[in-house]
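J.: I'd like to ask some things about the structure below.
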Amino acid sequence: MAGRGTCPAAYPKIPRIGWLAPGTRENYEPLLEEYRRGMLELGYAEGRTIETEYLYADAQFDRLPALAQRLVEHKVDVIVTASTPPTLAAERATSTIPIVFAASADPIETGVVASLARPGGNATGLSLMSSELSAKRLELIHTLVPRVSRIAVLWDSSNPGMALRVRETKAAAERSKVGFLDAGAHDLNELESIFAELSKRPPEAMVVTTEPFTRQHRVRILDFMTRNAIPCMYEDGRFVEEGGLMSYGPNVPDLFRRAAVYVDKIIKGAKPADLPVEQPTKFELVINLKTAKALGLTVPESVIVSADKVIE
């Protein structure tokens with residue numbers, strides 16, 4: 001006879017996390033590995049105490065709404081996003097599932113949060129924005145190219161998160177009495193058209209934002225800069241490691257690792273509205289001396305000393 005009935009103890013529910021990245025798996029895997037490292041440090045073991053679903057838009061922003069909706073239908077407990085476009089898509093898909101953005105270019109201007117101190121809705125996380133970043137990049141350009149009188153900014157004009165970055169760069173250029181060219185493009189055809197125009201009258205320096213579009217066409221962008229001998233400031237050190245001149249920006253891997261802290265707090269009951277958005281605290285300057293030499297530029301010793309990574 002069956003024993004009188006004690007019910008089996010209920011197993012604790014394993015939290016399910018949904019990741020929504022705008023680019024390719026290849027481009028985001030190093031950053032996601034940092035996030036997983038952060039989760040492991042907090043005691044989460046993938047497949048045992050946490051389950052994660054990763055979705056990638058492969059730099060096609062029009063896929064983001066359907067991918068966000070899939071995560072909602074899969075009833076994940078937290079959605080983690082890698083930049084502004086997937087964050088906006090996730091917010092449109094759900095007003096109840098907590099959202100953590102690992103790196104949002106401008107969460108206030110794009111309406112992702114009400115304020116950094118009090119996000120207010122179901123999203124919070126880490127911002128890429130920090131005051132004086134654009135001015136610092138321009139200062140570094142001036143250090144290597146003292147007589148620069150005209151710069152261009154290459155960015156994805158369909159990415160609302162980058163609009164403020166471009167405006168800030170333009171304002172910094174105007175303050176320095178440097179001509180500014182908006183080289184925004186949203187597909188490969190537009191990128192090639194812009195390159196054709198820039199080839200006729202190359203700017204004395206360029207700034208390239210870091211986002212899915214520029215990562216996707218990284219090889220083409222680097223090739224154009226090399227063939228036209230244009231000194232270029234990037235936001236991501238990977239461009240410099242592959243032949244770019246220099247980069248200055250937040251330590252993005254650190255932001256992805258810190259996103260795990262937000263996920264942990266939300267799993268334990270915290271509300272996104274009560275978790276302030278953090279701004280970057282670590283910045284990296286990467287210089288490629290080989291590229292500088294090829295461009296005929298002299299890198300001051302003070303810049304070399306202050307660089308976090310020097311490629312020779």
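Within each chain, counting starts at residue 1; across the structure tokens, chains are named A, B, ... in the order shown, with ligands numbered 1 upward in that order.
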Quick one: residues within 8 Å of range 166-173 of chain A, only C-alpha atoms, excluding same-chain residues fewer than 5 positions away - as a PyMOL selection string?
T.: chain A and resi 134-135+138+151+153+178-180+182
J.: Once you count only C-alpha atoms, what closest atom pair and distance in Å to one decimal does each residue of range 3-53 of chain A within 9 Å of range 241-258 of chain A have, with rows by chain and rising residue number, as CSV?
T.:
residue,atom,partner,partner_atom,distance
A:Pro30,CA,A:Pro253,CA,7.9
A:Leu31,CA,A:Pro253,CA,5.4
A:Leu32,CA,A:Phe256,CA,6.9
A:Glu33,CA,A:Arg257,CA,8.4
A:Glu34,CA,A:Arg257,CA,5.0
A:Tyr35,CA,A:Arg257,CA,4.3
A:Arg36,CA,A:Arg257,CA,7.4
A:Arg37,CA,A:Arg257,CA,6.7
A:Gly38,CA,A:Arg257,CA,4.8
A:Met39,CA,A:Arg257,CA,7.8
J.: Taking only C-alpha atoms into account, which of A:Gly296, A:Gly237, A:Pro231, A:Pro86 comes nearest Phe283 in chain A?
T.: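 Answer, going by the shortest atom-to-atom distance: A:Gly237.
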J.: Compile the contact shell of Val208 in chain A as a PyMOL selection string: residues with an atom at most 9 Å away, counting only C-alpha atoms, same-chain residues fewer than 2 positions apart removed.
T.: chain A and resi 152-155+206+210+214+221+232-236
J.: Once you have the residues from the selection above, write them out as a JSON list (two decimals), in the first residue's frame, restricted to all heavy atoms.
T.:
[["chain", "number", "residue", "atom", "x", "y", "z"],
["A", 152, "ALA", "N", 35.27, 63.84, -39.54],
["A", 152, "ALA", "CA", 34.00, 63.20, -39.89],
["A", 152, "ALA", "C", 33.68, 62.14, -38.85],
["A", 152, "ALA", "O", 34.59, 61.54, -38.27],
["A", 152, "ALA", "CB", 34.09, 62.56, -41.28],
["A", 153, "VAL", "N", 32.40, 61.91, -38.61],
["A", 153, "VAL", "CA", 31.97, 60.86, -37.69],
["A", 153, "VAL", "C", 31.19, 59.82, -38.47],
["A", 153, "VAL", "O", 30.16, 60.14, -39.08],
["A", 153, "VAL", "CB", 31.11, 61.42, -36.54],
["A", 153, "VAL", "CG1", 30.60, 60.27, -35.67],
["A", 153, "VAL", "CG2", 31.90, 62.39, -35.69],
["A", 154, "LEU", "N", 31.69, 58.60, -38.45],
["A", 154, "LEU", "CA", 31.02, 57.49, -39.12],
["A", 154, "LEU", "C", 30.19, 56.73, -38.08],
["A", 154, "LEU", "O", 30.73, 56.26, -37.08],
["A", 154, "LEU", "CB", 32.06, 56.56, -39.76],
["A", 154, "LEU", "CG", 31.51, 55.33, -40.47],
["A", 154, "LEU", "CD1", 30.62, 55.72, -41.65],
["A", 154, "LEU", "CD2", 32.66, 54.44, -40.94],
["A", 155, "TRP", "N", 28.88, 56.60, -38.36],
["A", 155, "TRP", "CA", 27.99, 55.95, -37.39],
["A", 155, "TRP", "C", 26.78, 55.37, -38.11],
["A", 155, "TRP", "O", 26.56, 55.63, -39.29],
["A", 155, "TRP", "CB", 27.56, 56.95, -36.32],
["A", 155, "TRP", "CG", 26.69, 58.09, -36.82],
["A", 155, "TRP", "CD1", 27.04, 59.05, -37.73],
["A", 155, "TRP", "CD2", 25.33, 58.37, -36.44],
["A", 155, "TRP", "NE1", 26.00, 59.92, -37.93],
["A", 155, "TRP", "CE2", 24.93, 59.53, -37.16],
["A", 155, "TRP", "CE3", 24.44, 57.78, -35.57],
["A", 155, "TRP", "CZ2", 23.67, 60.10, -37.02],
["A", 155, "TRP", "CZ3", 23.17, 58.35, -35.42],
["A", 155, "TRP", "CH2", 22.80, 59.49, -36.14],
["A", 206, "MET", "N", 38.99, 61.07, -38.45],
["A", 206, "MET", "CA", 37.64, 60.54, -38.33],
["A", 206, "MET", "C", 37.42, 59.93, -36.96],
["A", 206, "MET", "O", 38.37, 59.55, -36.27],
["A", 206, "MET", "CB", 37.37, 59.49, -39.42],
["A", 206, "MET", "CG", 37.15, 60.08, -40.80],
["A", 206, "MET", "SD", 36.55, 58.86, -42.01],
["A", 206, "MET", "CE", 34.87, 58.59, -41.41],
["A", 210, "THR", "N", 31.07, 52.68, -32.04],
["A", 210, "THR", "CA", 31.03, 51.23, -31.90],
["A", 210, "THR", "C", 29.60, 50.78, -31.72],
["A", 210, "THR", "O", 28.94, 51.15, -30.74],
["A", 210, "THR", "CB", 31.87, 50.78, -30.69],
["A", 210, "THR", "OG1", 33.24, 51.14, -30.92],
["A", 210, "THR", "CG2", 31.80, 49.27, -30.52],
["A", 214, "THR", "N", 28.88, 49.07, -37.38],
["A", 214, "THR", "CA", 30.31, 49.29, -37.59],
["A", 214, "THR", "C", 31.12, 48.04, -37.27],
["A", 214, "THR", "O", 32.16, 47.79, -37.89],
["A", 214, "THR", "CB", 30.82, 50.49, -36.77],
["A", 214, "THR", "OG1", 30.49, 50.29, -35.38],
["A", 214, "THR", "CG2", 30.20, 51.78, -37.26],
["A", 221, "ILE", "N", 35.78, 49.10, -43.06],
["A", 221, "ILE", "CA", 36.09, 50.41, -42.50],
["A", 221, "ILE", "C", 37.60, 50.58, -42.31],
["A", 221, "ILE", "O", 38.19, 51.59, -42.69],
["A", 221, "ILE", "CB", 35.34, 50.62, -41.16],
["A", 221, "ILE", "CG1", 33.83, 50.73, -41.42],
["A", 221, "ILE", "CG2", 35.86, 51.86, -40.43],
["A", 221, "ILE", "CD1", 32.99, 50.67, -40.16],
["A", 232, "CYS", "N", 42.27, 57.80, -37.49],
["A", 232, "CYS", "CA", 40.91, 57.54, -37.02],
["A", 232, "CYS", "C", 40.89, 57.17, -35.54],
["A", 232, "CYS", "O", 41.70, 56.38, -35.07],
["A", 232, "CYS", "CB", 40.28, 56.41, -37.85],
["A", 232, "CYS", "SG", 38.51, 56.22, -37.57],
["A", 233, "MET", "N", 39.93, 57.77, -34.84],
["A", 233, "MET", "CA", 39.67, 57.46, -33.44],
["A", 233, "MET", "C", 38.47, 56.53, -33.36],
["A", 233, "MET", "O", 37.40, 56.83, -33.89],
["A", 233, "MET", "CB", 39.38, 58.76, -32.66],
["A", 233, "MET", "CG", 38.71, 58.55, -31.32],
["A", 233, "MET", "SD", 39.75, 57.73, -30.08],
["A", 233, "MET", "CE", 40.82, 59.10, -29.60],
["A", 234, "TYR", "N", 38.66, 55.39, -32.73],
["A", 234, "TYR", "CA", 37.58, 54.41, -32.53],
["A", 234, "TYR", "C", 37.15, 54.41, -31.06],
["A", 234, "TYR", "O", 37.84, 54.94, -30.20],
["A", 234, "TYR", "CB", 38.03, 53.01, -32.95],
["A", 234, "TYR", "CG", 38.49, 52.94, -34.39],
["A", 234, "TYR", "CD1", 39.83, 53.15, -34.73],
["A", 234, "TYR", "CD2", 37.59, 52.68, -35.41],
["A", 234, "TYR", "CE1", 40.25, 53.10, -36.05],
["A", 234, "TYR", "CE2", 38.00, 52.63, -36.74],
["A", 234, "TYR", "CZ", 39.32, 52.84, -37.06],
["A", 234, "TYR", "OH", 39.74, 52.80, -38.37],
["A", 235, "GLU", "N", 36.02, 53.79, -30.81],
["A", 235, "GLU", "CA", 35.57, 53.66, -29.43],
["A", 235, "GLU", "C", 35.89, 52.28, -28.86],
["A", 235, "GLU", "O", 35.78, 52.07, -27.66],
["A", 235, "GLU", "CB", 34.05, 53.89, -29.36],
["A", 235, "GLU", "CG", 33.63, 55.27, -29.80],
["A", 235, "GLU", "CD", 32.13, 55.47, -29.76],
["A", 235, "GLU", "OE1", 31.39, 54.50, -29.51],
["A", 235, "GLU", "OE2", 31.69, 56.60, -29.99],
["A", 236, "ASP", "N", 36.27, 51.36, -29.73],
["A", 236, "ASP", "CA", 36.49, 49.97, -29.35],
["A", 236, "ASP", "C", 37.92, 49.56, -29.67],
["A", 236, "ASP", "O", 38.37, 49.70, -30.82],
["A", 236, "ASP", "CB", 35.50, 49.10, -30.13],
["A", 236, "ASP", "CG", 35.56, 47.62, -29.75],
["A", 236, "ASP", "OD1", 36.52, 47.22, -29.07],
["A", 236, "ASP", "OD2", 34.65, 46.88, -30.14]]
J.: Between CA of Ala82 in chain A and CA of Ala102 in chain A, measure the distance and give it in Å to one decimal.
T.: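 Result for CA of Ala82 in chain A versus CA of Ala102 in chain A: 5.3 Å, one decimal.
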J.: Report, in Å to a single decimal, how far apart CA of Ala183 in chain A and CA of Leu20 in chain A are.
T.: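 Interatomic distance here is 27.6 Å.
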J.: Which of these residues is nearest to Arg16 in chain A, using only C-alpha atoms: A:Leu126, A:Leu140, A:Val261, A:Ile266?
T.: A:Ile266
J.: Please measure the separation of CA of Leu71 in chain A and CA of Ala105 in chain A, giving the value in Å to one decimal.
T.: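 According to the coordinates, CA of Leu71 in chain A and CA of Ala105 in chain A are separated by 22.7 Å.
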J.: Taking into account only C-alpha atoms, which residue in the set A:Phe101, A:Tyr262, A:Phe61, A:Phe224 is nearest to Pro212 in chain A?
T.: A:Phe61
J.: Hey, which of A:Ser157, A:Ser127, A:Gln216, A:Ser149 ends up closest to Pro203 in chain A? Count only C-alpha atoms.
T.: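 Looking at the shortest contact to Pro203 in chain A, the residue is A:Ser149.
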